[in-house]
Amino acid sequence: MMFSCLVSCRTAYNPLLVVTEVVENGGDCVRALCRSSDECVFFPYQMHFTGHSQQVNPANHSQVTAFVLLGLSQVWELRCFFFIVFCAVYLVTVTGNLLIVAIVTSDPRLHTTMYFLLGNLSFLDFCYSSTMVPRMLVDLLSGSPSISFDACLTQLFFFHFIGGIKIFLLTVMAYDRYVAISQPLRYTFIMNQTVCGLLMAASWVGGFIHSIVQVVLTIQLPFCGPDKLDNFYCDVPQLIKLACTDTFILELLMVSNNGLVTLMCFLVLLGSYTALLVMLRSHSREDRSKALSTCASHIAVVTLIFVPCIYIYARPFRTFSMDKAVSVLYTMVTPMLNPAIYTLRNKEVIMAMKKLWRRQKDFLGPLEH
């Protein structure tokens, strides 16, 4: 009876599984056939040796059933600080986005295509943050935060499902503004309720297809090695690094499905808003000012959402020092800022907000007496 070790080597691009030289009974694995390895994790197992090194199938090894989330920091004082900060951020996010939904729903003057899309974006921002922030807040106060494999895939699905819908919805919003400015007389005919509903349904279908592709590709990966996920939520780049197989082709597929699609949508949006700004030169000063205010809000939101996503997904899945900070930006900060960006310079939304506030005061006034 002899012993060998299965070694998970982290190369610059892909994890490779190799088998070390077989050593005698009770010996330690002292040498690993790793190339450009940054980290090697050893998994000793007992096997019969027939005189030469044998290739080992990772499927024969026990599969990881849960992952340890390393989170934002291992320092307890910092974790408490992050808990207070992100708890406040989440409360502002929930309040702001649900307030926008309530305003758009309650005020008949805002029952237009633009505000219908804005209300949907606010609802998606609320759902987007809720897929990860509550669990992250619990994990910050937990001694050993972990997540099961099934829960990890579930979080991954909803994260990309809602994120995909937001990407396509922002494209629809850009098209809506393009039609409103380029075809003002035919706008209500082109962007009628039926067309608007179909575009929203297409956004949801697109988000579902995008997300289910992520899950299908991820669920087939063997996870027999390290179980420490270097993030505060489950996402594709970190999961792929833990897979016990060569993931080069898979990374190309993931980058195509995530990064290239996001980059192409971002370039299309930039092109459409550039064309809109050129068109505005022929409009009156009042119309130009109103359109510029709306377009500036859209461009700010598009930049805050797309640029971090392109940074994370449109490159090989390597770890950089800024990754977690960028993840915090587009998962927590951006959903909090969107309501402020859309409402601070929008007189109609501000008026509707004041009207809703007066209605609440009139309703609560008699109850207090």
# chains A, B, ... in the order shown; residues from 1 in each chain; ligands from 1
$ residues_around --residues "segment 110-120 of chain A" --least-positions-apart "5" --cutoff "10 Å" --atoms "only C-alpha atoms" --output "PDB file with N, CA and C atoms, in the first residue's frame"
ATOM      1  N   ASN A  97     -35.782  53.238  -3.183  1.00  0.00           N
ATOM      2  CA  ASN A  97     -36.320  52.554  -4.360  1.00  0.00           C
ATOM      3  C   ASN A  97     -37.797  52.219  -4.212  1.00  0.00           C
ATOM      4  N   LEU A  98     -38.209  51.769  -3.030  1.00  0.00           N
ATOM      5  CA  LEU A  98     -39.634  51.487  -2.828  1.00  0.00           C
ATOM      6  C   LEU A  98     -40.453  52.779  -2.832  1.00  0.00           C
ATOM      7  N   LEU A  99     -39.845  53.886  -2.415  1.00  0.00           N
ATOM      8  CA  LEU A  99     -40.534  55.175  -2.492  1.00  0.00           C
ATOM      9  C   LEU A  99     -40.785  55.564  -3.946  1.00  0.00           C
ATOM     10  N   ILE A 100     -39.801  55.351  -4.803  1.00  0.00           N
ATOM     11  CA  ILE A 100     -39.984  55.635  -6.230  1.00  0.00           C
ATOM     12  C   ILE A 100     -41.107  54.777  -6.804  1.00  0.00           C
ATOM     13  N   VAL A 101     -41.121  53.491  -6.451  1.00  0.00           N
ATOM     14  CA  VAL A 101     -42.180  52.599  -6.925  1.00  0.00           C
ATOM     15  C   VAL A 101     -43.547  53.099  -6.461  1.00  0.00           C
ATOM     16  N   ALA A 102     -43.650  53.505  -5.198  1.00  0.00           N
ATOM     17  CA  ALA A 102     -44.916  53.993  -4.660  1.00  0.00           C
ATOM     18  C   ALA A 102     -45.356  55.279  -5.348  1.00  0.00           C
ATOM     19  N   ILE A 103     -44.413  56.184  -5.606  1.00  0.00           N
ATOM     20  CA  ILE A 103     -44.750  57.450  -6.251  1.00  0.00           C
ATOM     21  C   ILE A 103     -45.248  57.221  -7.672  1.00  0.00           C
ATOM     22  N   VAL A 104     -44.520  56.410  -8.438  1.00  0.00           N
ATOM     23  CA  VAL A 104     -44.906  56.146  -9.828  1.00  0.00           C
ATOM     24  C   VAL A 104     -46.252  55.439  -9.893  1.00  0.00           C
ATOM     25  N   THR A 105     -46.510  54.560  -8.933  1.00  0.00           N
ATOM     26  CA  THR A 105     -47.771  53.813  -8.933  1.00  0.00           C
ATOM     27  C   THR A 105     -48.954  54.679  -8.524  1.00  0.00           C
ATOM     28  N   ASP A 125     -33.633  47.364  -8.547  1.00  0.00           N
ATOM     29  CA  ASP A 125     -32.527  47.748  -7.649  1.00  0.00           C
ATOM     30  C   ASP A 125     -32.777  47.243  -6.235  1.00  0.00           C
ATOM     31  N   PHE A 126     -34.030  47.352  -5.786  1.00  0.00           N
ATOM     32  CA  PHE A 126     -34.381  46.827  -4.464  1.00  0.00           C
ATOM     33  C   PHE A 126     -34.148  45.319  -4.395  1.00  0.00           C
ATOM     34  N   ILE A 165     -31.671  41.586 -16.269  1.00  0.00           N
ATOM     35  CA  ILE A 165     -32.870  42.382 -16.566  1.00  0.00           C
ATOM     36  C   ILE A 165     -32.525  43.870 -16.547  1.00  0.00           C
ATOM     37  N   LYS A 166     -31.722  44.294 -15.560  1.00  0.00           N
ATOM     38  CA  LYS A 166     -31.345  45.706 -15.466  1.00  0.00           C
ATOM     39  C   LYS A 166     -30.564  46.157 -16.699  1.00  0.00           C
ATOM     40  N   LEU A 169     -33.055  46.448 -19.462  1.00  0.00           N
ATOM     41  CA  LEU A 169     -33.997  47.528 -19.182  1.00  0.00           C
ATOM     42  C   LEU A 169     -33.366  48.884 -19.459  1.00  0.00           C
ATOM     43  N   LEU A 170     -32.104  49.060 -19.108  1.00  0.00           N
ATOM     44  CA  LEU A 170     -31.422  50.323 -19.400  1.00  0.00           C
ATOM     45  C   LEU A 170     -31.326  50.558 -20.902  1.00  0.00           C
ATOM     46  N   VAL A 172     -33.619  49.486 -23.050  1.00  0.00           N
ATOM     47  CA  VAL A 172     -34.978  49.888 -23.405  1.00  0.00           C
ATOM     48  C   VAL A 172     -35.220  51.353 -23.035  1.00  0.00           C
ATOM     49  N   MET A 173     -34.723  51.775 -21.872  1.00  0.00           N
ATOM     50  CA  MET A 173     -34.888  53.168 -21.456  1.00  0.00           C
ATOM     51  C   MET A 173     -34.177  54.122 -22.413  1.00  0.00           C
ATOM     52  N   ALA A 174     -33.007  53.727 -22.897  1.00  0.00           N
ATOM     53  CA  ALA A 174     -32.296  54.556 -23.875  1.00  0.00           C
ATOM     54  C   ALA A 174     -33.093  54.643 -25.177  1.00  0.00           C
ATOM     55  N   ASP A 176     -36.326  54.370 -25.427  1.00  0.00           N
ATOM     56  CA  ASP A 176     -37.482  55.207 -25.124  1.00  0.00           C
ATOM     57  C   ASP A 176     -37.130  56.687 -25.239  1.00  0.00           C
ATOM     58  N   ARG A 177     -35.994  57.096 -24.680  1.00  0.00           N
ATOM     59  CA  ARG A 177     -35.585  58.502 -24.776  1.00  0.00           C
ATOM     60  C   ARG A 177     -35.253  58.884 -26.219  1.00  0.00           C
ATOM     61  N   ALA A 180     -38.539  59.471 -27.945  1.00  0.00           N
ATOM     62  CA  ALA A 180     -39.183  60.675 -27.421  1.00  0.00           C
ATOM     63  C   ALA A 180     -38.573  61.940 -28.011  1.00  0.00           C
ATOM     64  N   TYR A 187     -44.357  59.598 -30.622  1.00  0.00           N
ATOM     65  CA  TYR A 187     -43.840  58.886 -29.454  1.00  0.00           C
ATOM     66  C   TYR A 187     -44.901  58.018 -28.791  1.00  0.00           C
ATOM     67  N   THR A 188     -46.076  58.590 -28.507  1.00  0.00           N
ATOM     68  CA  THR A 188     -47.122  57.822 -27.822  1.00  0.00           C
ATOM     69  C   THR A 188     -47.624  56.669 -28.674  1.00  0.00           C
ATOM     70  N   MET A 191     -44.320  54.049 -28.623  1.00  0.00           N
ATOM     71  CA  MET A 191     -44.100  53.471 -27.286  1.00  0.00           C
ATOM     72  C   MET A 191     -45.441  53.354 -26.545  1.00  0.00           C
ATOM     73  N   ASN A 192     -46.360  52.612 -27.125  1.00  0.00           N
ATOM     74  CA  ASN A 192     -47.643  52.395 -26.464  1.00  0.00           C
ATOM     75  C   ASN A 192     -47.506  51.315 -25.393  1.00  0.00           C
ATOM     76  N   GLN A 193     -48.594  51.069 -24.672  1.00  0.00           N
ATOM     77  CA  GLN A 193     -48.546  50.120 -23.564  1.00  0.00           C
ATOM     78  C   GLN A 193     -48.174  48.709 -24.015  1.00  0.00           C
ATOM     79  N   VAL A 195     -46.306  47.784 -26.680  1.00  0.00           N
ATOM     80  CA  VAL A 195     -44.873  47.738 -27.006  1.00  0.00           C
ATOM     81  C   VAL A 195     -44.039  47.785 -25.729  1.00  0.00           C
ATOM     82  N   CYS A 196     -44.445  48.650 -24.807  1.00  0.00           N
ATOM     83  CA  CYS A 196     -43.710  48.773 -23.546  1.00  0.00           C
ATOM     84  C   CYS A 196     -43.740  47.456 -22.772  1.00  0.00           C
ATOM     85  N   GLY A 197     -44.906  46.813 -22.722  1.00  0.00           N
ATOM     86  CA  GLY A 197     -45.020  45.526 -22.037  1.00  0.00           C
ATOM     87  C   GLY A 197     -44.179  44.444 -22.691  1.00  0.00           C
ATOM     88  N   MET A 200     -40.512  45.007 -21.855  1.00  0.00           N
ATOM     89  CA  MET A 200     -40.225  44.580 -20.486  1.00  0.00           C
ATOM     90  C   MET A 200     -40.160  43.056 -20.395  1.00  0.00           C
ATOM     91  N   THR A 294     -32.858  64.802 -18.279  1.00  0.00           N
ATOM     92  CA  THR A 294     -33.224  63.381 -18.290  1.00  0.00           C
ATOM     93  C   THR A 294     -32.070  62.516 -18.780  1.00  0.00           C
ATOM     94  N   ASN A 338     -29.238  55.428  -7.354  1.00  0.00           N
ATOM     95  CA  ASN A 338     -30.148  55.578  -8.494  1.00  0.00           C
ATOM     96  C   ASN A 338     -31.376  56.427  -8.188  1.00  0.00           C
ATOM     97  N   PRO A 339     -32.097  56.207  -7.057  1.00  0.00           N
ATOM     98  CA  PRO A 339     -33.253  57.064  -6.787  1.00  0.00           C
ATOM     99  C   PRO A 339     -32.883  58.536  -6.672  1.00  0.00           C
ATOM    100  N   TYR A 342     -32.182  60.091 -10.160  1.00  0.00           N
ATOM    101  CA  TYR A 342     -33.367  60.303 -10.986  1.00  0.00           C
ATOM    102  C   TYR A 342     -34.324  61.347 -10.416  1.00  0.00           C
ATOM    103  N   GLU A 348     -41.165  66.686 -11.787  1.00  0.00           N
ATOM    104  CA  GLU A 348     -42.402  65.907 -11.718  1.00  0.00           C
ATOM    105  C   GLU A 348     -42.364  64.904 -10.572  1.00  0.00           C
ATOM    106  N   VAL A 349     -41.220  64.233 -10.396  1.00  0.00           N
ATOM    107  CA  VAL A 349     -41.089  63.255  -9.312  1.00  0.00           C
ATOM    108  C   VAL A 349     -41.101  63.963  -7.963  1.00  0.00           C
ATOM    109  N   ALA A 352     -44.645  64.916  -7.187  1.00  0.00           N
ATOM    110  CA  ALA A 352     -45.406  63.721  -6.817  1.00  0.00           C
ATOM    111  C   ALA A 352     -45.023  63.244  -5.422  1.00  0.00           C
TER     112      ALA A 352
END
$ select_by_dssp --residues "segment 56-94 of chain A" --states "helix (DSSP H, G or I)" --output "PyMOL selection string"
chain A and resi 58-60+76-94
$ atom_distance --atom1 "atom CA of Ile162 of chain A" --atom2 "atom CA of Ser327 of chain A"
15.4 Å
$ residues_around --residues "segment 275-290 of chain A" --least-positions-apart "5" --cutoff "9 Å" --atoms "only C-alpha atoms" --output "ChimeraX atom specification"
/A:177-178,181-182,270,295
$ atom_distance --atom1 "atom CA of Trp76 of chain A" --atom2 "atom CA of Ser142 of chain A"
9.9 Å
